[in-house]
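Below is one structure; the comments refer to it alone.
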Amino acid sequence: MKKAFFIDRDGVLIDEENYLGDPDRVKLIAGAPEALRAIRKNGYLCLVISNQSGVARGYFDEDAVRSVHLRVDELLVKAGATPVDAYYYCPHHPKGEVPEYTVDCDCRKPRPGLFMRAAKEFGVDLQNSFMIGDKTSDIKAAQNAGLKASALVKTGYGPDEIAKIHGSKNTFVADDINDAVRLLLNKL
């Protein structure tokens, strides 16, 4: 079975833009290309797991989400890293405006549905995989999916979330994605 780093998109891999649907506004977090190179060098897949409720809220459609993902990969390649192996996102929200996306689903973090789907599609050993996020919902999703450990970064929403994860098992605080990768790899 394969091992993976599950990474939240907004605020972790790219700058937090609050409902980002415009690929021209994508900016990689400093150190993200280096982090992805370290992930690959150590034999892990890089899988993005992201809540994208802007679709349910009617701010943008799924084509816009995919365009943002293409732009992220372009920027990673330009910076000397390989693209993300796969993007998994939840377009739903129970209080959305677009009826077909206004559902209470199992794929919206902190629920583990996206992790389970990725594990099935890629043959991922969840018990030997990691999560990097900037919200409590990322950390809880990792725990719900049975991941080995997770890191909350101080980028994006991270600074406001640190106190909420106090006492969480196998959860660490890191400055950014690059620091999180180093920290988690050292916790093997």
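If you're wondering about the labels, chains in the structure tokens are A, B, ... by order shown, residues count from 1 in each chain, ligands from 1 in order shown.
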Give me, as a ChimeraX atom specification, the residues of segment 66-109 of chain A that a backbone DSSP run labels strand (DSSP E). /A:86-90
Output of the above residues as a compact mmCIF listing (two decimals), in the first residue's frame, restricted to C-alpha atoms:
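selection.txt written:
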```
# COMPACT_ATOMS: atom_id res chain seq x y z
CA ALA A 86 -4.95 14.28 -7.20
CA TYR A 87 -7.37 16.89 -5.92
CA TYR A 88 -10.39 15.85 -3.88
CA TYR A 89 -12.88 18.52 -2.93
CA CYS A 90 -16.30 18.81 -1.40
```
Extract, using only C-alpha atoms, all DNA, RNA and protein residues at most 10 Å from Lys2 of chain A, discarding same-chain residues fewer than 2 positions from it, and format them as a short mmCIF file (atom, residue, chain, number, x, y, z; two decimals) with N, CA and C atoms, in the first residue's frame.
```cif
data_model
loop_
_atom_site.label_atom_id
_atom_site.label_comp_id
_atom_site.auth_asym_id
_atom_site.auth_seq_id
_atom_site.Cartn_x
_atom_site.Cartn_y
_atom_site.Cartn_z
N ALA A 4 0.59 8.59 1.97
CA ALA A 4 0.26 9.89 1.39
C ALA A 4 0.35 11.00 2.42
N GLY A 43 8.85 9.19 -0.73
CA GLY A 43 7.99 8.13 -1.21
C GLY A 43 6.50 8.27 -0.93
N TYR A 44 6.05 9.47 -0.67
CA TYR A 44 4.64 9.71 -0.39
C TYR A 44 3.92 10.31 -1.59
N LEU A 45 2.64 10.00 -1.69
CA LEU A 45 1.76 10.69 -2.63
C LEU A 45 1.40 12.04 -2.04
N ALA A 119 -8.16 6.90 -0.58
CA ALA A 119 -7.52 5.66 -0.16
C ALA A 119 -7.91 4.52 -1.09
N PHE A 122 -6.31 5.19 -4.74
CA PHE A 122 -4.85 5.13 -4.82
C PHE A 122 -4.22 4.00 -4.02
N GLY A 123 -5.03 3.25 -3.29
CA GLY A 123 -4.47 2.19 -2.44
C GLY A 123 -3.64 2.76 -1.31
N VAL A 124 -4.17 3.79 -0.64
CA VAL A 124 -3.42 4.48 0.42
C VAL A 124 -3.63 3.79 1.76
N ASP A 125 -2.53 3.60 2.46
CA ASP A 125 -2.53 3.11 3.83
C ASP A 125 -2.75 4.33 4.74
N LEU A 126 -3.97 4.53 5.16
CA LEU A 126 -4.31 5.71 5.95
C LEU A 126 -3.56 5.75 7.29
N ASN A 128 -0.64 5.06 7.94
CA ASN A 128 0.74 5.51 7.78
C ASN A 128 0.82 6.76 6.92
N SER A 129 -0.24 7.55 6.95
CA SER A 129 -0.31 8.79 6.16
C SER A 129 -0.54 9.98 7.08
#
```
Separation of atom CA of Tyr59 of chain A from atom CA of Val12 of chain A, in Å and rounded to one decimal: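 Between atom CA of Tyr59 of chain A and atom CA of Val12 of chain A the gap works out to 21.3 Å.
Across A:Ala38, A:Leu75, A:Leu20, A:Cys107, the tightest approach to Asn186 of chain A is made by A:Ala38 when counting only C-alpha atoms.
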Report, in Å with one decimal, the straight-line distance from atom CA of Pro83 of chain A to atom CA of Lys3 of chain A.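 Calculated distance between atom CA of Pro83 of chain A and atom CA of Lys3 of chain A is 16.8 Å.
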